[in-house]
>>> print(open('coords-v4.tsv').read())   # TSV, C-alpha atoms
chain	number	residue	atom	x	y	z
A	1085	MET	CA	30.93	-23.45	-20.81
A	1086	ARG	CA	34.16	-25.31	-20.19
A	1087	PRO	CA	34.12	-27.69	-17.21
A	1088	ASP	CA	37.13	-25.98	-15.65
A	1089	ASP	CA	35.39	-22.57	-15.85
A	1090	PHE	CA	32.33	-24.06	-14.17
A	1091	ASP	CA	34.51	-25.56	-11.44
A	1092	VAL	CA	36.13	-22.18	-10.77
A	1093	ILE	CA	32.85	-20.37	-10.21
A	1094	ALA	CA	31.31	-23.27	-8.28
A	1095	LYS	CA	34.26	-23.17	-5.88
A	1096	ILE	CA	34.01	-19.38	-5.49
A	1097	LEU	CA	30.30	-19.56	-4.69
A	1098	LYS	CA	30.72	-22.42	-2.23
A	1099	GLU	CA	33.54	-20.71	-0.34
A	1100	ARG	CA	31.98	-17.25	-0.24
A	1101	SER	CA	28.32	-18.01	0.32
A	1102	GLY	CA	27.81	-21.73	0.92
A	1103	LEU	CA	25.78	-21.96	-2.29
A	1104	VAL	CA	26.20	-25.31	-4.01
A	1105	ILE	CA	25.66	-25.21	-7.75
A	1106	THR	CA	25.76	-28.38	-9.83
A	1107	PRO	CA	26.32	-28.69	-13.61
A	1108	ASP	CA	22.59	-29.17	-14.23
A	1109	LYS	CA	22.05	-25.63	-12.85
A	1110	ALA	CA	24.60	-24.09	-15.22
A	1111	TYR	CA	21.76	-22.24	-16.97
A	1112	LEU	CA	21.52	-20.04	-13.86
A	1113	LEU	CA	25.05	-18.82	-14.50
A	1114	GLU	CA	24.04	-17.52	-17.89
A	1115	SER	CA	20.81	-15.85	-16.78
A	1116	ARG	CA	22.27	-14.20	-13.69
A	1117	LEU	CA	25.83	-13.43	-14.74
A	1118	THR	CA	25.32	-12.20	-18.31
A	1119	PRO	CA	24.00	-8.86	-16.94
A	1120	VAL	CA	27.14	-8.62	-14.75
A	1121	ALA	CA	29.35	-9.15	-17.81
A	1122	ARG	CA	27.39	-6.56	-19.78
A	1123	LYS	CA	27.65	-4.04	-16.96
A	1124	ARG	CA	31.42	-4.47	-16.87
A	1125	GLY	CA	31.81	-4.13	-20.63
A	1126	LEU	CA	32.88	-7.74	-21.13
A	1127	LYS	CA	32.04	-9.61	-24.30
A	1128	GLY	CA	30.06	-12.32	-22.59
A	1129	LEU	CA	29.89	-14.99	-19.95
A	1130	ASP	CA	33.07	-16.75	-21.12
A	1131	GLU	CA	35.11	-13.57	-20.72
A	1132	LEU	CA	33.59	-12.96	-17.28
A	1133	LEU	CA	34.40	-16.47	-16.15
A	1134	SER	CA	37.96	-16.10	-17.40
A	1135	SER	CA	38.27	-12.84	-15.45
A	1136	LEU	CA	37.21	-14.60	-12.25
A	1137	ARG	CA	40.47	-16.54	-12.18
A	1138	THR	CA	42.34	-13.33	-11.33
A	1139	ALA	CA	39.42	-11.24	-10.08
A	1140	GLY	CA	39.59	-8.64	-7.36
A	1141	GLU	CA	37.17	-8.40	-4.46
A	1142	ASP	CA	34.68	-6.13	-6.25
A	1143	LEU	CA	34.02	-8.59	-9.08
A	1144	LEU	CA	33.93	-11.58	-6.73
A	1145	ARG	CA	31.36	-9.79	-4.57
A	1146	GLU	CA	29.27	-8.78	-7.58
A	1147	VAL	CA	29.19	-12.31	-8.96
A	1148	THR	CA	28.37	-13.80	-5.55
A	1149	GLU	CA	25.54	-11.35	-5.01
A	1150	ALA	CA	24.11	-12.00	-8.47
A	1151	MET	CA	24.04	-15.74	-7.85
A	1152	THR	CA	22.68	-15.62	-4.29
A	1153	THR	CA	19.94	-13.01	-4.73
A	1154	ASN	CA	16.71	-14.88	-4.00
A	1155	GLU	CA	13.15	-13.68	-4.16
A	1156	SER	CA	11.14	-12.83	-1.10
A	1157	PHE	CA	7.63	-11.61	-0.50
A	1158	PHE	CA	5.46	-10.32	2.31
A	1159	PHE	CA	3.95	-12.87	4.71
A	1160	ARG	CA	5.42	-15.72	2.68
A	1161	ASP	CA	3.65	-19.01	3.51
A	1162	ILE	CA	1.38	-17.11	5.93
A	1163	LYS	CA	1.33	-19.85	8.60
A	1164	PRO	CA	4.71	-18.95	10.21
A	1165	PHE	CA	3.44	-15.43	10.87
A	1166	ASP	CA	0.14	-16.73	12.27
A	1167	GLN	CA	2.15	-19.04	14.54
A	1168	PHE	CA	4.29	-16.12	15.63
A	1169	ARG	CA	1.26	-13.99	16.49
A	1170	SER	CA	-0.80	-16.63	18.26
A	1171	ILE	CA	1.80	-18.91	19.85
A	1172	VAL	CA	5.33	-17.49	19.92
A	1173	LEU	CA	4.51	-13.91	20.88
A	1174	PRO	CA	2.39	-14.89	23.92
A	1175	GLN	CA	5.23	-17.13	25.08
A	1176	LEU	CA	7.72	-14.28	24.74
A	1177	LEU	CA	5.44	-11.90	26.63
A	1178	GLN	CA	5.34	-14.36	29.49
A	1179	SER	CA	8.96	-15.55	29.56
A	1180	ARG	CA	10.49	-12.09	28.95
A	1181	ALA	CA	8.10	-10.15	31.20
A	1182	ALA	CA	10.81	-9.29	33.73
A	1183	ARG	CA	13.05	-7.53	31.24
A	1184	LYS	CA	10.43	-6.53	28.65
A	1185	SER	CA	12.64	-7.13	25.63
A	1186	PHE	CA	13.39	-9.70	22.96
A	1187	ARG	CA	15.28	-9.89	19.68
A	1188	ILE	CA	14.31	-11.44	16.34
A	1189	TRP	CA	16.68	-12.30	13.50
A	1190	SER	CA	15.65	-12.56	9.85
A	1191	ALA	CA	18.62	-14.41	8.34
A	1192	ALA	CA	19.30	-14.05	4.60
A	1193	CYS	CA	16.58	-11.40	4.56
A	1194	SER	CA	16.96	-10.49	0.87
A	1195	SER	CA	14.93	-7.32	0.17
A	1196	GLY	CA	13.39	-7.19	3.64
A	1197	GLN	CA	9.82	-8.41	3.23
A	1198	GLU	CA	10.06	-11.05	5.96
A	1199	ALA	CA	11.52	-8.63	8.50
A	1200	TYR	CA	8.92	-5.98	7.66
A	1201	SER	CA	6.13	-8.57	7.85
A	1202	LEU	CA	7.22	-9.34	11.42
A	1203	ALA	CA	7.37	-5.63	12.18
A	1204	MET	CA	3.79	-5.20	10.95
A	1205	VAL	CA	2.62	-8.12	13.08
A	1206	LEU	CA	4.19	-6.50	16.14
A	1207	LYS	CA	2.80	-3.08	15.21
A	1208	GLU	CA	-0.68	-4.57	15.05
A	1209	GLU	CA	-0.11	-6.07	18.51
A	1210	ALA	CA	1.24	-2.82	19.99
A	1211	ALA	CA	-1.48	-2.70	22.65
A	1212	ARG	CA	0.06	-5.80	24.22
A	1213	LEU	CA	3.59	-4.37	24.16
A	1214	PRO	CA	3.67	-1.08	26.07
A	1215	GLY	CA	7.16	-0.42	27.42
A	1216	TRP	CA	8.71	-3.33	25.53
A	1217	LYS	CA	11.99	-3.04	23.62
A	1218	ILE	CA	11.90	-5.25	20.53
A	1219	GLU	CA	14.71	-5.55	18.00
A	1220	ILE	CA	14.31	-7.04	14.55
A	1221	VAL	CA	17.58	-7.56	12.69
A	1222	GLY	CA	17.69	-8.53	9.02
A	1223	THR	CA	20.97	-9.71	7.51
A	1224	ASP	CA	22.08	-10.58	4.00
A	1225	ILE	CA	25.32	-10.70	2.01
A	1226	SER	CA	23.96	-8.62	-0.85
A	1227	HIS	CA	24.58	-4.85	-0.83
A	1228	GLU	CA	21.90	-4.38	-3.46
A	1229	MET	CA	19.23	-6.26	-1.52
A	1230	LEU	CA	20.07	-4.50	1.74
A	1231	ASP	CA	19.88	-1.10	0.07
A	1232	LYS	CA	16.45	-2.01	-1.26
A	1233	ALA	CA	15.35	-3.27	2.15
A	1234	LYS	CA	16.51	-0.10	3.91
A	1235	ALA	CA	14.71	2.08	1.37
A	1236	GLY	CA	11.47	0.16	1.90
A	1237	LEU	CA	10.34	0.80	-1.68
A	1238	TYR	CA	8.41	-1.96	-3.41
A	1239	SER	CA	6.73	-2.36	-6.77
A	1240	GLN	CA	3.04	-2.98	-7.33
A	1241	PHE	CA	3.87	-6.61	-8.10
A	1242	GLU	CA	5.80	-6.99	-4.83
A	1243	VAL	CA	3.07	-5.56	-2.61
A	1244	GLN	CA	0.46	-7.74	-4.30
A	1245	ARG	CA	2.33	-10.91	-3.30
A	1246	GLY	CA	1.09	-11.93	0.13
A	1247	LEU	CA	0.48	-8.49	1.63
A	1248	PRO	CA	-3.09	-8.12	2.97
A	1249	ILE	CA	-4.82	-5.12	1.41
A	1250	GLN	CA	-5.63	-3.64	4.83
A	1251	LEU	CA	-1.93	-3.57	5.74
A	1252	LEU	CA	-1.03	-2.06	2.37
A	1253	VAL	CA	-3.50	0.76	2.97
A	1254	LYS	CA	-2.40	1.20	6.58
A	1255	TYR	CA	1.38	1.04	6.28
A	1256	PHE	CA	2.29	2.01	2.70
A	1257	LYS	CA	2.06	5.17	0.62
A	1258	LYS	CA	2.28	5.42	-3.15
A	1259	ASN	CA	5.59	6.94	-4.28
A	1260	THR	CA	5.43	7.47	-8.08
A	1261	GLU	CA	5.31	3.90	-9.46
A	1262	MET	CA	6.43	2.33	-6.17
A	1263	TRP	CA	5.01	1.79	-2.69
A	1264	GLN	CA	6.90	3.21	0.31
A	1265	ILE	CA	6.55	1.41	3.63
A	1266	ASP	CA	5.84	3.69	6.56
A	1267	SER	CA	8.80	5.13	8.47
A	1268	SER	CA	7.41	3.74	11.74
A	1269	ILE	CA	7.76	0.20	10.32
A	1270	ARG	CA	11.20	0.87	8.82
A	1271	ALA	CA	12.38	2.14	12.19
A	1272	MET	CA	11.55	-1.22	13.77
A	1273	VAL	CA	14.10	-3.11	11.65
A	1274	GLN	CA	17.89	-2.90	11.47
A	1275	PHE	CA	19.50	-4.24	8.30
A	1276	ARG	CA	23.12	-5.38	8.32
A	1277	GLU	CA	25.48	-7.00	5.88
A	1278	PHE	CA	26.41	-10.42	7.21
A	1279	ASN	CA	27.47	-13.81	5.89
A	1280	LEU	CA	25.87	-16.87	7.49
A	1281	LEU	CA	29.12	-18.77	7.09
A	1282	HIS	CA	30.96	-16.39	9.41
A	1283	ASP	CA	31.10	-16.26	13.21
A	1284	LEU	CA	27.64	-15.15	14.33
A	1285	LYS	CA	28.59	-13.94	17.80
A	1286	PRO	CA	29.03	-10.28	16.76
A	1287	LEU	CA	25.29	-10.20	16.02
A	1288	GLY	CA	24.45	-10.92	19.65
A	1289	GLN	CA	21.80	-13.28	20.96
A	1290	PHE	CA	18.35	-13.80	19.46
A	1291	ASP	CA	15.20	-15.15	21.05
A	1292	VAL	CA	13.63	-16.04	17.70
A	1293	VAL	CA	15.50	-16.83	14.48
A	1294	PHE	CA	13.86	-16.94	11.05
A	1295	CYS	CA	16.18	-18.87	8.73
A	1296	ARG	CA	13.60	-19.93	6.17
A	1297	ASN	CA	14.37	-21.29	2.70
A	1298	VAL	CA	18.10	-20.79	3.20
A	1299	LEU	CA	19.49	-24.21	4.09
A	1300	ILE	CA	18.13	-25.70	0.87
A	1301	TYR	CA	20.98	-24.00	-1.02
A	1302	PHE	CA	23.72	-25.58	1.13
A	1303	ASP	CA	25.30	-29.00	1.16
A	1304	GLN	CA	24.92	-31.22	4.22
A	1305	PRO	CA	28.13	-30.20	6.07
A	1306	THR	CA	27.38	-26.51	5.56
A	1307	LYS	CA	23.80	-26.94	6.79
A	1308	SER	CA	25.11	-28.64	9.91
A	1309	ARG	CA	27.69	-25.92	10.54
A	1310	VAL	CA	25.17	-23.11	10.09
A	1311	LEU	CA	22.70	-24.75	12.48
A	1312	GLU	CA	25.47	-25.31	15.01
A	1313	ASN	CA	26.44	-21.65	14.87
A	1314	VAL	CA	22.83	-20.46	15.03
A	1315	SER	CA	22.25	-22.53	18.15
A	1316	ARG	CA	25.12	-20.71	19.85
A	1317	VAL	CA	23.40	-17.32	19.56
A	1318	MET	CA	20.08	-18.50	21.01
A	1319	PRO	CA	18.90	-18.84	24.62
A	1320	ASP	CA	17.79	-22.20	25.95
A	1321	ASP	CA	14.16	-21.44	25.15
A	1322	GLY	CA	14.84	-19.77	21.79
A	1323	LEU	CA	12.89	-20.76	18.70
A	1324	LEU	CA	14.10	-21.36	15.15
A	1325	TYR	CA	11.91	-21.11	12.05
A	1326	LEU	CA	12.87	-23.10	8.94
A	1327	GLY	CA	11.14	-23.28	5.56
A	1328	GLY	CA	8.40	-25.79	4.88
A	1329	ALA	CA	10.73	-28.00	2.82
A	1330	GLU	CA	13.56	-27.86	5.36
A	1331	THR	CA	14.32	-29.97	8.42
A	1332	VAL	CA	17.00	-30.53	11.04
A	1333	LEU	CA	16.47	-34.28	11.04
A	1334	GLY	CA	19.61	-36.09	9.96
A	1335	ILE	CA	21.48	-32.78	9.77
A	1336	SER	CA	21.85	-31.49	13.31
A	1337	ASP	CA	21.04	-32.69	16.80
A	1338	ARG	CA	21.16	-29.15	18.20
A	1339	PHE	CA	17.47	-28.56	17.46
A	1340	LYS	CA	14.28	-30.56	17.81
A	1341	PRO	CA	10.84	-30.00	16.28
A	1342	ILE	CA	8.21	-28.28	18.41
A	1343	PRO	CA	5.27	-30.71	18.65
A	1344	GLU	CA	2.31	-29.81	16.44
A	1345	GLN	CA	4.05	-26.67	15.15
A	1346	ARG	CA	5.53	-27.54	11.78
A	1347	GLY	CA	8.54	-25.46	10.82
A	1348	ILE	CA	9.40	-24.34	14.36
A	1349	TYR	CA	12.31	-25.86	16.27
A	1350	GLY	CA	13.57	-25.52	19.82
A	1351	LEU	CA	17.06	-26.09	21.15
A	1352	ASN	CA	17.90	-29.65	22.10
A	1353	ARG	CA	19.45	-28.93	25.48
A	1354	GLY	CA	20.58	-32.53	25.96
A	1355	ALA	CA	22.68	-32.44	22.78
A	1356	ALA	CA	24.23	-29.11	23.76
A	1357	ALA	CA	25.13	-30.36	27.20
A	1358	ALA	CA	26.61	-33.57	25.81
A	1359	LYS	CA	28.92	-31.51	23.63
A	1360	GLY	CA	29.81	-29.17	26.45
A	1361	VAL	CA	28.33	-26.17	24.68
A	1362	GLY	CA	26.43	-23.81	26.96
A	1363	SER	CA	23.59	-21.59	25.84
A	1364	ALA	CA	22.92	-18.59	28.05
A	1365	SER	CA	19.37	-18.17	29.23
A	1366	ALA	CA	19.07	-14.60	27.96
A	1367	GLY	CA	18.44	-13.09	31.34
A	1368	ARG	CA	15.57	-15.31	32.36
>>> encode(input="coords-v4.tsv", output="structure tokens")
Amino acid sequence: MRPDDFDVIAKILKERSGLVITPDKAYLLESRLTPVARKRGLKGLDELLSSLRTAGEDLLREVTEAMTTNESFFFRDIKPFDQFRSIVLPQLLQSRAARKSFRIWSAACSSGQEAYSLAMVLKEEAARLPGWKIEIVGTDISHEMLDKAKAGLYSQFEVQRGLPIQLLVKYFKKNTEMWQIDSSIRAMVQFREFNLLHDLKPLGQFDVVFCRNVLIYFDQPTKSRVLENVSRVMPDDGLLYLGGAETVLGISDRFKPIPEQRGIYGLNRGAAAAKGVGSASAGR
């Protein structure tokens, strides 16, 4: 691959998705974009890369989606979901008791397993939530992944990764070679196309944000900008989940770690006030 071709696609990916790809990851271009070239009847990766110089929106979107499609699985790194059930949910039940509602955002949700895992946790805790209105919103930039998430159809391999057998039996039905998640769980989640680099305000405010294993694909300025924007759609007592290998330290002063709860961050009200940025209290 010619260096100038690599530079073209690297720039496209950075501008459209925030993804930073370095020359040592050039092998990913071949593995993920060769199927795109084949689908479009192009001779190979070189011809596809040449086409990108004058590409229309459809090809740009297809290439971006191919490069940013990341794997997901149910109850990934189980601890965040245990924390949500035992620590975060009781706090929400207390702090939101007056209005009996809260909203959760699964950012860069891929094929929906994280959002559906949260829905199953809440379904299992239904006895504690009579009369509550709970919204779970999953967003991603990939049409293909969102279509898969909305369908709620997963392979045997996908349901074997992290999903407890009792929840598989309870909330899934076999559909030919696939497993279909129950309509009651699908109804608990809204999936929307959305780019994390864009203005987040149209999504509304969220009490809990899951943005796990996303920032690792961004450079430092983009990480900082995303965290800044996320903080603006959270109430003062909102909570942010990041992946186990991610941190806000040295990146953003808008969040601070929650003591003894690795991976969970609260808003740093002092930093927000110093910058003159208010964060509504979500009706508390």
>>> closest_residue(input="coords-v4.tsv", among="A:Ile1265, A:Ala1139, A:Ile1188, A:Ala1211", to="A:Val1172", atoms="all atoms listed in the file")
A:Ile1188
>>> closest_residue(input="coords-v4.tsv", among="A:Leu1103, A:Ala1192, A:Leu1324, A:Leu1281", to="A:Phe1168", atoms="only C-alpha atoms")
A:Leu1324
>>> closest_residue(input="coords-v4.tsv", among="A:Arg1296, A:Arg1124, A:Arg1309, A:Lys1184", to="A:Gly1327", atoms="all atoms listed in the file")
A:Arg1296
>>> atom_distance(input="coords-v4.tsv", atom1="atom CA of A:Asn1352", atom2="atom CA of A:Ala1199")
25.8 Å
>>> closest_atom_pairs(input="coords-v4.tsv", of="stretch 1263-1351 of chain A", to="stretch 1223-1242 of chain A", cutoff="6 Å", atoms="only C-alpha atoms", output="CSV")
residue,atom,partner,partner_atom,distance
A:Trp1263,CA,A:Tyr1238,CA,5.1
A:Gln1264,CA,A:Leu1237,CA,4.6
A:Ile1265,CA,A:Gly1236,CA,5.4
A:Phe1275,CA,A:Thr1223,CA,5.7
A:Arg1276,CA,A:Thr1223,CA,4.9
A:Glu1277,CA,A:Asp1224,CA,5.3
A:Phe1278,CA,A:Ile1225,CA,5.3
A:Asn1279,CA,A:Ile1225,CA,5.4
>>> closest_residue(input="coords-v4.tsv", among="A:Ser1185, A:Gln1289, A:Thr1148, A:Ser1156", to="A:Glu1099", atoms="all atoms listed in the file")
A:Thr1148
>>> residues_around(input="coords-v4.tsv", residues="A:Pro1164", least_positions_apart="3", cutoff="8 Å", atoms="all atoms listed in the file", output="list in words")
Asp1161, Gln1167, Phe1168, Tyr1325 and Gly1347 of chain A
>>> residues_around(input="coords-v4.tsv", residues="stretch 1087-1098 of chain A", least_positions_apart="2", cutoff="9 Å", atoms="only C-alpha atoms", output="MDAnalysis selection string")
chainID A and resid 1085 1100:1107 1110 1113 1130 1133:1134 1136:1137 1144 1147:1148 1151:1152 1302
>>> atom_distance(input="coords-v4.tsv", atom1="atom CA of A:Gly1140", atom2="atom CA of A:Leu1280")
21.8 Å
>>> residues_around(input="coords-v4.tsv", residues="A:Gln1345", least_positions_apart="3", cutoff="10 Å", atoms="only C-alpha atoms", output="PyMOL selection string")
chain A and resi 1163-1164+1167+1171+1341-1342+1348-1349
>>> closest_residue(input="coords-v4.tsv", among="A:Leu1132, A:Ile1300, A:Leu1323, A:Leu1252", to="A:Arg1187", atoms="all atoms listed in the file")
A:Leu1323
>>> closest_residue(input="coords-v4.tsv", among="A:Leu1213, A:Ile1162, A:Ala1203, A:Met1318", to="A:Ala1181", atoms="all atoms listed in the file")
A:Leu1213
>>> residues_near_point(input="coords-v4.tsv", point="(8.1, -8.3, 22.6)", cutoff="12 Å", atoms="only C-alpha atoms", output="ChimeraX atom specification")
/A:1168-1169,1172-1188,1202-1203,1205-1207,1209-1220,1272,1291-1292
>>> atom_distance(input="coords-v4.tsv", atom1="atom CA of A:Ser1308", atom2="atom CA of A:Asp1337")
9.0 Å
